[in-house]
$ cat input31.cif   # mmCIF, C-alpha atoms and all ligand atoms
data_query
loop_
_atom_site.label_atom_id
_atom_site.label_comp_id
_atom_site.auth_asym_id
_atom_site.auth_seq_id
_atom_site.Cartn_x
_atom_site.Cartn_y
_atom_site.Cartn_z
CA VAL A 1 281.89 -79.98 100.64
CA ARG A 2 284.56 -82.65 100.81
CA GLN A 3 284.64 -84.61 97.62
CA LYS A 4 285.45 -88.23 97.43
CA ALA A 5 289.01 -88.70 96.17
CA THR A 6 289.20 -90.04 92.65
CA HIS A 7 291.01 -93.28 91.94
CA GLY A 8 293.89 -91.32 90.39
CA GLN A 9 294.27 -89.06 93.45
CA THR A 10 294.31 -92.02 95.80
CA ARG A 11 296.93 -93.72 93.67
CA THR A 12 299.17 -90.64 93.60
CA TYR A 13 298.77 -90.23 97.35
CA ASN A 14 299.63 -93.88 98.03
CA SER A 15 302.56 -93.80 95.64
CA ARG A 16 304.01 -90.77 97.45
CA LEU A 17 303.43 -92.46 100.78
CA VAL A 18 305.41 -95.51 99.66
CA LEU A 19 308.17 -93.36 98.18
CA ARG A 20 308.43 -91.32 101.37
CA THR A 21 308.63 -94.46 103.47
CA VAL A 22 311.46 -95.88 101.34
CA TYR A 23 313.17 -92.45 101.38
CA ASP A 24 312.98 -92.15 105.17
CA GLN A 25 313.71 -95.78 106.07
CA SER A 26 315.86 -97.07 103.18
CA PRO A 27 316.88 -99.96 103.01
CA ILE A 28 313.49 -101.46 103.75
CA SER A 29 311.57 -104.56 102.63
CA ARG A 30 308.17 -104.50 100.90
CA ALA A 31 306.61 -106.14 103.95
CA GLU A 32 307.98 -103.39 106.22
CA VAL A 33 306.66 -100.74 103.82
CA ALA A 34 303.22 -102.36 104.01
CA ARG A 35 303.37 -102.34 107.81
CA ALA A 36 304.54 -98.72 107.99
CA THR A 37 301.94 -97.40 105.52
CA GLY A 38 298.95 -99.59 106.35
CA LEU A 39 298.60 -100.50 102.65
CA THR A 40 298.08 -104.10 101.52
CA ARG A 41 301.11 -106.07 100.33
CA THR A 42 299.57 -106.28 96.88
CA SER A 43 299.22 -102.48 96.55
CA VAL A 44 302.73 -101.99 97.90
CA SER A 45 304.20 -104.45 95.37
CA ASP A 46 302.29 -102.74 92.60
CA LEU A 47 303.41 -99.22 93.61
CA VAL A 48 307.01 -100.34 94.22
CA GLY A 49 307.00 -101.78 90.70
CA GLU A 50 306.30 -98.31 89.34
CA LEU A 51 308.98 -96.72 91.53
CA LEU A 52 311.53 -99.29 90.31
CA GLU A 53 310.62 -98.36 86.75
CA SER A 54 310.94 -94.63 87.50
CA GLY A 55 314.50 -95.25 88.69
CA LEU A 56 313.97 -93.57 92.09
CA VAL A 57 314.16 -96.89 93.92
CA GLU A 58 316.31 -99.99 93.38
CA GLU A 59 316.44 -103.50 94.78
CA GLY A 60 319.50 -104.14 96.93
CA GLU A 61 320.75 -106.88 99.23
CA ARG A 62 318.57 -109.34 101.12
CA GLY A 63 317.47 -108.41 104.64
CA PRO A 64 317.24 -110.68 107.66
CA SER A 65 314.81 -113.57 107.24
CA THR A 66 311.76 -113.66 109.47
CA GLY A 67 311.14 -117.32 108.90
CA GLY A 68 310.72 -117.74 105.15
CA LYS A 69 312.95 -116.59 102.35
CA ALA A 70 315.00 -113.47 103.22
CA PRO A 71 313.30 -110.39 101.69
CA ILE A 72 314.96 -108.18 99.09
CA LEU A 73 315.51 -104.69 100.48
CA LEU A 74 314.52 -101.51 98.61
CA ARG A 75 316.84 -98.56 98.44
CA PHE A 76 316.21 -94.98 97.51
CA ILE A 77 318.67 -93.67 94.87
CA SER A 78 319.73 -90.13 95.87
CA GLY A 79 321.29 -89.43 92.49
CA ALA A 80 318.45 -90.83 90.36
CA GLN A 81 317.46 -87.30 89.43
CA LEU A 82 318.90 -83.90 90.24
CA VAL A 83 317.28 -80.61 91.17
CA VAL A 84 318.38 -77.21 89.86
CA GLY A 85 318.38 -74.71 92.74
CA VAL A 86 318.86 -70.98 92.20
CA ASP A 87 319.37 -68.17 94.72
CA VAL A 88 318.74 -64.70 93.30
CA ALA A 89 321.18 -62.96 95.65
CA GLU A 90 322.18 -59.30 95.84
CA THR A 91 324.99 -59.18 93.33
CA GLU A 92 324.92 -62.60 91.73
CA LEU A 93 322.81 -65.58 90.83
CA ARG A 94 323.98 -68.66 92.73
CA GLY A 95 322.95 -71.93 91.17
CA ALA A 96 323.54 -75.57 91.99
CA LEU A 97 322.73 -79.12 90.98
CA VAL A 98 321.45 -80.79 94.12
CA ASP A 99 320.67 -84.48 94.56
CA LEU A 100 317.52 -85.85 96.15
CA ARG A 101 319.13 -85.97 99.61
CA GLY A 102 320.22 -82.34 99.48
CA ASP A 103 323.88 -82.89 98.58
CA ILE A 104 325.26 -80.24 96.26
CA ARG A 105 326.90 -81.86 93.21
CA LEU A 106 328.00 -78.75 91.34
CA THR A 107 327.66 -74.96 91.67
CA ARG A 108 327.71 -72.13 89.16
CA SER A 109 327.13 -68.42 89.51
CA LEU A 110 326.63 -65.40 87.28
CA PRO A 111 326.95 -61.76 88.29
CA ILE A 112 323.85 -59.55 88.04
CA ASP A 113 323.09 -55.87 88.08
CA ALA A 114 320.04 -55.56 90.31
CA ASN A 115 319.09 -52.31 88.58
CA ASP A 116 318.42 -54.05 85.28
CA ALA A 117 315.30 -56.18 85.75
CA ASP A 118 315.24 -57.62 82.21
CA ALA A 119 318.93 -58.53 82.21
CA THR A 120 318.53 -60.30 85.56
CA LEU A 121 315.75 -62.46 84.13
CA HIS A 122 317.81 -63.19 81.03
CA ARG A 123 320.80 -64.22 83.15
CA LEU A 124 318.60 -66.43 85.28
CA GLN A 125 317.36 -68.32 82.22
CA GLU A 126 320.96 -68.66 81.05
CA LEU A 127 322.14 -70.07 84.39
CA VAL A 128 319.29 -72.60 84.55
CA GLY A 129 320.12 -73.70 80.99
CA GLN A 130 323.80 -74.14 81.87
CA LEU A 131 323.03 -76.24 84.93
CA ILE A 132 320.63 -78.46 82.99
CA ALA A 133 323.35 -78.97 80.37
CA ASP A 134 325.86 -79.79 83.14
CA SER A 135 323.72 -82.63 84.46
CA ASP A 136 324.21 -86.24 83.35
CA ARG A 137 320.94 -87.22 85.10
CA PRO A 138 317.31 -86.34 84.47
CA ILE A 139 316.31 -83.07 86.11
CA LEU A 140 313.32 -83.25 88.47
CA GLY A 141 312.67 -79.52 88.30
CA VAL A 142 313.90 -76.04 89.18
CA GLY A 143 313.57 -74.33 92.57
CA ILE A 144 314.15 -70.57 92.60
CA ALA A 145 314.43 -68.37 95.67
CA THR A 146 314.23 -64.62 95.25
CA PRO A 147 313.66 -61.63 97.52
CA GLY A 148 310.21 -60.09 97.52
CA LEU A 149 306.57 -61.06 97.82
CA ILE A 150 306.04 -64.28 95.91
CA ASP A 151 302.81 -66.02 95.08
CA SER A 152 304.37 -69.40 95.52
CA ARG A 153 301.40 -71.31 94.13
CA SER A 154 301.48 -69.56 90.75
CA GLY A 155 305.19 -68.73 90.71
CA VAL A 156 304.47 -65.02 90.24
CA VAL A 157 306.81 -62.47 91.82
CA ARG A 158 304.27 -59.89 92.95
CA THR A 159 306.91 -57.38 93.89
CA SER A 160 310.63 -57.48 94.52
CA VAL A 161 311.83 -53.97 95.29
CA HIS A 162 315.52 -54.79 95.10
CA LEU A 163 315.26 -56.39 91.67
CA ASP A 164 312.57 -54.07 90.33
CA TRP A 165 310.38 -57.05 89.42
CA ARG A 166 306.62 -56.51 89.53
CA ASP A 167 303.93 -59.11 88.73
CA LEU A 168 306.54 -61.17 86.93
CA PRO A 169 305.34 -64.72 86.09
CA LEU A 170 308.82 -66.08 86.81
CA GLY A 171 307.79 -69.70 87.34
CA ALA A 172 305.85 -69.87 84.05
CA LEU A 173 308.65 -68.16 82.07
CA VAL A 174 311.37 -70.52 83.31
CA SER A 175 309.09 -73.54 83.00
CA GLU A 176 308.17 -72.70 79.40
CA ARG A 177 311.77 -72.19 78.37
CA HIS A 178 313.19 -75.34 79.92
CA ARG A 179 310.08 -77.58 79.90
CA LEU A 180 310.41 -78.51 83.57
CA PRO A 181 308.37 -78.01 86.75
CA VAL A 182 309.48 -74.77 88.43
CA HIS A 183 308.73 -73.58 91.96
CA VAL A 184 309.45 -70.06 93.15
CA ALA A 185 309.79 -69.05 96.81
CA ASN A 186 310.85 -66.10 98.90
CA ASP A 187 314.58 -66.23 99.71
CA SER A 188 314.25 -65.73 103.47
CA GLN A 189 311.57 -68.39 103.65
CA ALA A 190 313.75 -70.80 101.64
CA ALA A 191 316.74 -70.02 103.88
CA ALA A 192 314.63 -70.68 106.98
CA LEU A 193 313.59 -74.04 105.63
CA ALA A 194 317.21 -75.03 104.94
CA GLU A 195 318.42 -73.69 108.29
CA TYR A 196 315.73 -75.70 110.02
CA THR A 197 316.60 -78.82 108.03
CA PHE A 198 320.39 -78.68 108.29
CA GLY A 199 321.00 -76.55 111.38
CA GLY A 200 320.32 -79.16 114.07
CA TYR A 201 316.94 -78.00 115.35
CA ALA A 202 315.64 -81.54 115.79
CA ASP A 203 314.16 -80.86 119.21
CA SER A 204 312.55 -77.50 118.39
CA PRO A 205 309.34 -77.46 116.35
CA ASN A 206 309.47 -73.70 115.77
CA LEU A 207 312.12 -71.38 114.34
CA VAL A 208 312.37 -67.83 113.07
CA ALA A 209 315.34 -67.44 110.71
CA VAL A 210 316.16 -63.83 109.84
CA LYS A 211 318.17 -63.07 106.72
CA VAL A 212 319.97 -59.75 106.97
CA GLY A 213 321.62 -58.28 103.90
CA ARG A 214 320.64 -55.13 102.02
CA GLY A 215 317.13 -56.39 102.55
CA ILE A 216 315.83 -57.97 105.73
CA GLY A 217 313.33 -60.82 105.80
CA ALA A 218 312.42 -63.63 108.13
CA GLY A 219 311.24 -67.15 107.45
CA VAL A 220 308.88 -68.66 109.99
CA ILE A 221 308.81 -72.40 110.74
CA LEU A 222 305.85 -73.44 112.89
CA ASP A 223 305.31 -77.04 113.96
CA GLY A 224 308.05 -78.13 111.57
CA HIS A 225 306.46 -76.50 108.53
CA LEU A 226 307.18 -73.29 106.68
CA PHE A 227 304.45 -70.77 107.50
CA VAL A 228 303.93 -68.22 104.71
CA GLY A 229 300.73 -66.49 105.81
CA ASP A 230 297.61 -65.54 103.86
CA GLY A 231 299.44 -63.54 101.20
CA ALA A 232 302.74 -65.46 101.31
CA GLY A 233 304.38 -62.48 103.04
CA ALA A 234 304.90 -63.90 106.53
CA GLY A 235 308.22 -62.65 107.90
CA GLU A 236 308.43 -59.66 105.56
CA ILE A 237 309.75 -57.48 108.39
CA GLY A 238 312.21 -55.33 106.43
CA HIS A 239 309.62 -52.67 105.68
CA THR A 240 308.27 -52.34 109.19
CA THR A 241 308.55 -48.69 110.21
CA VAL A 242 311.10 -48.34 113.02
CA ALA A 243 312.37 -44.78 112.78
CA ASP A 244 311.33 -41.26 111.85
CA ASN A 245 314.70 -40.83 110.14
CA ARG A 246 313.18 -39.66 106.82
CA LEU A 247 315.60 -41.97 105.05
CA ALA A 248 314.01 -43.14 101.82
CA CYS A 249 313.59 -46.86 101.46
CA GLN A 250 313.53 -48.69 98.13
CA CYS A 251 309.88 -49.52 98.78
CA GLY A 252 308.99 -45.82 98.45
CA ARG A 253 308.40 -45.14 102.15
CA THR A 254 310.71 -43.84 104.87
CA GLY A 255 311.99 -45.13 108.18
CA CYS A 256 311.79 -48.85 107.31
CA LEU A 257 313.89 -51.36 109.30
CA GLU A 258 316.11 -51.76 106.22
CA THR A 259 317.04 -48.05 106.31
CA VAL A 260 318.64 -48.59 109.73
CA ALA A 261 319.59 -52.25 109.97
CA GLY A 262 320.19 -53.39 106.36
CA THR A 263 323.81 -53.80 105.29
CA ARG A 264 323.65 -51.00 102.71
CA ALA A 265 322.36 -48.64 105.41
CA ILE A 266 324.98 -49.77 107.93
CA LEU A 267 327.83 -49.36 105.44
CA GLY A 268 326.53 -45.95 104.35
CA ALA A 269 326.26 -44.65 107.91
CA SER A 270 329.61 -46.04 109.02
CA GLY A 271 331.56 -45.00 105.94
CA ALA A 272 333.08 -48.50 105.62
CA ALA A 273 333.68 -49.85 102.11
CA ASP A 274 332.45 -53.34 102.90
CA LEU A 275 331.46 -55.62 105.78
CA THR A 276 335.00 -56.96 106.21
CA GLU A 277 336.34 -53.44 106.80
CA LEU A 278 333.44 -52.64 109.11
CA ARG A 279 334.11 -55.79 111.13
CA ARG A 280 337.78 -54.82 111.45
CA ARG A 281 336.84 -51.36 112.70
CA LEU A 282 334.27 -52.86 115.04
CA ASP A 283 336.84 -55.22 116.52
CA ALA A 284 339.26 -52.30 116.94
CA GLY A 285 336.61 -50.40 118.91
CA ASP A 286 336.17 -47.61 116.34
CA GLY A 287 333.52 -45.28 117.85
CA ARG A 288 331.53 -44.59 114.69
CA ALA A 289 331.45 -48.24 113.65
CA VAL A 290 330.31 -49.32 117.11
CA ARG A 291 327.57 -46.68 117.26
CA VAL A 292 326.17 -47.53 113.81
CA VAL A 293 326.21 -51.30 114.36
CA GLU A 294 324.64 -50.97 117.80
CA GLU A 295 321.87 -48.75 116.47
CA ALA A 296 321.23 -51.24 113.67
CA GLY A 297 321.23 -54.17 116.09
CA ARG A 298 318.78 -52.45 118.45
CA ALA A 299 316.32 -51.67 115.65
CA LEU A 300 316.40 -55.27 114.44
CA GLY A 301 316.17 -56.60 118.00
CA ARG A 302 313.07 -54.55 118.74
CA VAL A 303 311.27 -55.94 115.68
CA LEU A 304 312.31 -59.46 116.69
CA GLY A 305 310.96 -58.80 120.18
CA GLY A 306 307.61 -58.17 118.49
CA MET A 307 307.89 -61.53 116.75
CA ILE A 308 308.64 -63.26 120.06
CA GLY A 309 305.46 -61.73 121.45
CA ALA A 310 303.42 -62.68 118.40
CA LEU A 311 304.67 -66.24 117.95
CA ASP A 312 306.30 -67.36 121.22
CA VAL A 313 309.21 -69.08 119.41
CA GLU A 314 312.25 -70.12 121.40
CA ARG A 315 314.75 -70.21 118.56
CA ILE A 316 315.77 -67.26 116.40
CA ALA A 317 318.67 -67.63 113.95
CA LEU A 318 320.37 -64.74 112.18
CA LEU A 319 321.64 -65.45 108.65
CA GLY A 320 322.92 -63.66 105.60
CA PRO A 321 325.74 -61.21 104.88
CA ALA A 322 325.32 -59.22 108.12
CA ALA A 323 326.27 -62.32 110.14
CA GLU A 324 329.83 -61.36 109.21
CA LEU A 325 329.55 -58.61 111.83
CA GLY A 326 329.82 -61.37 114.42
CA ASP A 327 329.22 -61.53 118.13
CA ARG A 328 329.15 -57.85 118.91
CA TRP A 329 326.23 -57.32 116.54
CA LEU A 330 324.56 -60.57 117.62
CA GLU A 331 324.79 -59.56 121.29
CA VAL A 332 323.03 -56.22 120.69
CA VAL A 333 320.27 -57.88 118.64
CA ARG A 334 319.79 -60.55 121.29
CA THR A 335 319.74 -58.17 124.26
CA GLU A 336 317.24 -55.84 122.60
CA ALA A 337 314.99 -58.66 121.35
CA VAL A 338 314.81 -60.21 124.81
CA ALA A 339 314.26 -56.83 126.49
CA SER A 340 311.46 -55.91 124.06
CA ALA A 341 309.24 -58.89 124.81
CA LEU A 342 307.43 -60.13 127.88
CA PRO A 343 310.15 -61.66 130.11
CA LEU A 344 308.16 -64.87 130.62
CA LEU A 345 308.30 -65.41 126.87
CA SER A 346 311.75 -64.08 126.07
CA ASP A 347 313.52 -65.80 128.99
CA ARG A 348 313.55 -68.99 126.97
CA THR A 349 314.45 -67.40 123.63
CA GLN A 350 317.83 -68.23 122.11
CA VAL A 351 319.09 -65.84 119.45
CA THR A 352 322.06 -67.33 117.59
CA LEU A 353 323.95 -67.07 114.32
CA GLY A 354 322.72 -69.66 111.83
CA VAL A 355 324.56 -72.14 109.67
CA LEU A 356 326.81 -69.85 107.68
CA SER A 357 326.89 -71.76 104.40
CA PRO A 358 326.53 -69.42 101.44
CA ASP A 359 324.52 -72.18 99.75
CA ILE A 360 321.74 -72.13 102.31
CA VAL A 361 319.20 -70.39 100.04
CA VAL A 362 319.93 -72.75 97.12
CA LEU A 363 319.40 -75.72 99.43
CA GLY A 364 316.13 -74.26 100.67
CA ALA A 365 314.87 -73.73 97.12
CA SER A 366 315.78 -77.33 96.26
CA ALA A 367 314.10 -78.65 99.40
CA LEU A 368 310.86 -76.86 98.49
CA LEU A 369 310.90 -78.33 95.00
CA LEU A 370 311.48 -81.82 96.38
CA THR A 371 308.57 -81.47 98.78
CA ARG A 372 306.20 -80.14 96.16
CA GLU A 373 307.15 -82.52 93.33
CA LEU A 374 307.71 -85.78 95.22
CA GLY A 375 306.24 -85.16 98.67
CA LEU A 376 309.68 -85.75 100.24
CA ALA A 377 311.15 -83.80 103.15
CA LEU A 378 314.93 -83.54 103.41
CA ALA A 379 316.21 -84.66 106.78
CA ARG A 380 319.61 -84.99 108.38
ZN ZN B 401 310.74 -50.05 102.94
#
$ encode --input "input31.cif" --output "structure tokens" --more "lines below"
Ligand SMILES: [Zn+2]
Amino acid sequence: VRQKATHGQTRTYNSRLVLRTVYDQSPISRAEVARATGLTRTSVSDLVGELLESGLVEEGERGPSTGGKAPILLRFISGAQLVVGVDVAETELRGALVDLRGDIRLTRSLPIDANDADATLHRLQELVGQLIADSDRPILGVGIATPGLIDSRSGVVRTSVHLDWRDLPLGALVSERHRLPVHVANDSQAAALAEYTFGGYADSPNLVAVKVGRGIGAGVILDGHLFVGDGAGAGEIGHTTVADNRLACQCGRTGCLETVAGTRAILGASGAADLTELRRRLDAGDGRAVRVVEEAGRALGRVLGGMIGALDVERIALLGPAAELGDRWLEVVRTEAVASALPLLSDRTQVTLGVLSPDIVVLGASALLLTRELGLALAR
């Protein structure tokens, strides 16, 4: 049964609508806001008054006159508040202070040992505290992106095999400590959101962004929105069985995609110390390096072919540490993905390397917080 919205809900909704309009079209006059939102001029003036008080909006220069007195234009203030974004990466916590337009003002990182679940949490609290102390502006909230299955609504990490976190109420713990709103999201999903926002996909409504590191996960954007599925696990492809290789996966099973195509697996099988060395050997045509990377690329490509069949998306972007392997790896993934799906679907599919900024996950976490707290969507 649909309930009638209460006065308070309507007011919050209208206030967000006005804020979003100023955010998207700044500088803009009150009259233009009223036209764009369909609200009366009186309500707009009233709601703008509150936004001026909150400091998110300011009055600027006068706009062109349409007959009478030239109207004062409203501007959104990107630096009115800052967001703390944190990426729980493989070997470190990457944190940043991000303004309300998605510009990074300052970054900080702390190393972590993924085998010590308690210490990782402790470090995370420490990093958030440092970033809050760094800020000379009010903090809107904290956005955290971490690998694993996340109940994004409650902020509970249901399971993160790489960090050994299980049913951890991460959002509540960080929120209690720092007395701020906290939103927690899956790292691949956050990366997909940022890639979609900053990667120049304006003319494509759908995108699958695949983050390949030790773990492998995809983020799915459908019709311009992050799709997380019924249990928030959409895109959790790293533990899809792809091989009968009997190689144990961190999830407790064998033959998962990560045991063939994850960076730890690739380095182990190739004998390279790190991705830079592997890339050098790959470029030099080293037989073992080529064989291992091609096998990894084919396994990933086949799983992506399944996603093309399931979702019919035209754009797939590969992100994360494995992108360092470059075109040779990309070409194998692309060829196999296209060959594994119905040609009519895969003919149009473009598989590319994504925006290679190491801050992509932090930006995605910040973007999610901004959407959930203020109803704003970052746009470039
Ligand atoms: Zn697994």
$ closest_residue --input "input31.cif" --among "A:Glu277, A:Asp359, A:Glu236, A:Glu59" --to "Ala194 (chain A)" --atoms "all atoms listed in the file"
A:Asp359
$ residues_near_ligand --input "input31.cif" --ligand "ligand ZN 401 (chain B)" --cutoff "8 Å" --atoms "all atoms listed in the file" --output "compact mmCIF listing (two decimals) with C-alpha atoms, keeping the file's coordinate frame"
# COMPACT_ATOMS: atom_id res chain seq x y z
CA GLY A 238 312.21 -55.33 106.43
CA HIS A 239 309.62 -52.67 105.68
CA THR A 240 308.27 -52.34 109.19
CA THR A 241 308.55 -48.69 110.21
CA ALA A 248 314.01 -43.14 101.82
CA CYS A 249 313.59 -46.86 101.46
CA GLN A 250 313.53 -48.69 98.13
CA CYS A 251 309.88 -49.52 98.78
CA GLY A 252 308.99 -45.82 98.45
CA ARG A 253 308.40 -45.14 102.15
CA THR A 254 310.71 -43.84 104.87
CA GLY A 255 311.99 -45.13 108.18
CA CYS A 256 311.79 -48.85 107.31
CA LEU A 257 313.89 -51.36 109.30
CA GLU A 258 316.11 -51.76 106.22
CA THR A 259 317.04 -48.05 106.31
$ closest_residue --input "input31.cif" --among "A:Ser78, A:Ala323, A:Val338, A:Ile316" --to "Thr276 (chain A)" --atoms "all atoms listed in the file"
A:Ala323
$ residues_around --input "input31.cif" --residues "Ser135 (chain A)" --least-positions-apart "5" --cutoff "10 Å" --atoms "only C-alpha atoms" --output "list in words"
Gln81, Leu82, Val83, Val84, Leu97, Arg105, Leu106 and Gln130 of chain A
$ residues_near_point --input "input31.cif" --point "(322.8, -52.7, 104.7)" --cutoff "10 Å" --atoms "only C-alpha atoms" --output "PyMOL selection string"
chain A and resi 212-216+258-269+274-275+296+321-322
$ atom_distance --input "input31.cif" --atom1 "CA of Ser340 (chain A)" --atom2 "CA of Val210 (chain A)"
16.9 Å
$ atom_distance --input "input31.cif" --atom1 "CA of Tyr23 (chain A)" --atom2 "CA of Val208 (chain A)"
27.3 Å
$ residues_around --input "input31.cif" --residues "Arg298 (chain A)" --least-positions-apart "4" --cutoff "12 Å" --atoms "all atoms listed in the file" --output "PyMOL selection string"
chain A and resi 242-243+257+260-261+291-294+302-305+328-340
$ atom_distance --input "input31.cif" --atom1 "CA of Thr159 (chain A)" --atom2 "CA of Gly231 (chain A)"
12.1 Å
$ closest_residue --input "input31.cif" --among "A:Gly375, A:Gly309, A:Pro71, A:Gly320" --to "Ala192 (chain A)" --atoms "all atoms listed in the file"
A:Gly320
$ closest_residue --input "input31.cif" --among "A:Val174, A:Ala234, A:Leu226, A:Ala289" --to "Ser270 (chain A)" --atoms "only C-alpha atoms"
A:Ala289
$ residues_around --input "input31.cif" --residues "His225 (chain A)" --least-positions-apart "2" --cutoff "9 Å" --atoms "all atoms listed in the file" --output "list in words"
Leu193, Pro205, Asn206, Val220, Ile221, Leu222, Asp223 and Phe227 of chain A
$ closest_residue --input "input31.cif" --among "A:Arg166, A:Arg62, A:His122, A:Arg158" --to "Asn186 (chain A)" --atoms "all atoms listed in the file"
A:Arg158
$ residues_around --input "input31.cif" --residues "Leu168 (chain A)" --least-positions-apart "6" --cutoff "10 Å" --atoms "all atoms listed in the file" --output "ChimeraX atom specification"
/A:121,150,155-160
$ closest_residue --input "input31.cif" --among "A:Leu47, A:Arg177, A:Ile28, A:Asp151" --to "Thr12 (chain A)" --atoms "all atoms listed in the file"
A:Leu47
$ residues_around --input "input31.cif" --residues "Pro181 (chain A)" --least-positions-apart "4" --cutoff "12 Å" --atoms "all atoms listed in the file" --output "NGL selection string"
:A and (83-84 or 139-144 or 154-155 or 170-177 or 369-370 or 372-374)
$ build_atoms --input "input31.cif" --residues "region 298-312 of chain A" --atoms "N, CA and C atoms" --output "tab-separated table (two decimals), in the coordinates of the input"
chain	number	residue	atom	x	y	z
A	298	ARG	N	319.93	-52.74	117.58
A	298	ARG	CA	318.78	-52.45	118.45
A	298	ARG	C	317.49	-52.40	117.66
A	299	ALA	N	317.54	-51.77	116.47
A	299	ALA	CA	316.32	-51.67	115.65
A	299	ALA	C	315.84	-53.06	115.25
A	300	LEU	N	316.78	-53.91	114.83
A	300	LEU	CA	316.40	-55.27	114.44
A	300	LEU	C	315.87	-56.04	115.65
A	301	GLY	N	316.57	-55.88	116.78
A	301	GLY	CA	316.17	-56.60	118.00
A	301	GLY	C	314.76	-56.25	118.43
A	302	ARG	N	314.41	-54.97	118.31
A	302	ARG	CA	313.07	-54.55	118.74
A	302	ARG	C	312.00	-55.22	117.87
A	303	VAL	N	312.25	-55.29	116.58
A	303	VAL	CA	311.27	-55.94	115.68
A	303	VAL	C	311.18	-57.44	116.01
A	304	LEU	N	312.33	-58.04	116.33
A	304	LEU	CA	312.31	-59.46	116.69
A	304	LEU	C	311.59	-59.68	118.01
A	305	GLY	N	311.71	-58.71	118.92
A	305	GLY	CA	310.96	-58.80	120.18
A	305	GLY	C	309.46	-58.88	119.90
A	306	GLY	N	309.01	-58.12	118.90
A	306	GLY	CA	307.61	-58.17	118.49
A	306	GLY	C	307.24	-59.56	117.98
A	307	MET	N	308.18	-60.18	117.26
A	307	MET	CA	307.89	-61.53	116.75
A	307	MET	C	307.83	-62.55	117.87
A	308	ILE	N	308.69	-62.35	118.90
A	308	ILE	CA	308.64	-63.26	120.06
A	308	ILE	C	307.26	-63.16	120.72
A	309	GLY	N	306.78	-61.92	120.85
A	309	GLY	CA	305.46	-61.73	121.45
A	309	GLY	C	304.35	-62.32	120.59
A	310	ALA	N	304.48	-62.21	119.29
A	310	ALA	CA	303.42	-62.68	118.40
A	310	ALA	C	303.41	-64.20	118.27
A	311	LEU	N	304.59	-64.81	118.29
A	311	LEU	CA	304.67	-66.24	117.95
A	311	LEU	C	305.12	-67.14	119.09
A	312	ASP	N	305.75	-66.56	120.13
A	312	ASP	CA	306.30	-67.36	121.22
A	312	ASP	C	307.22	-68.47	120.69
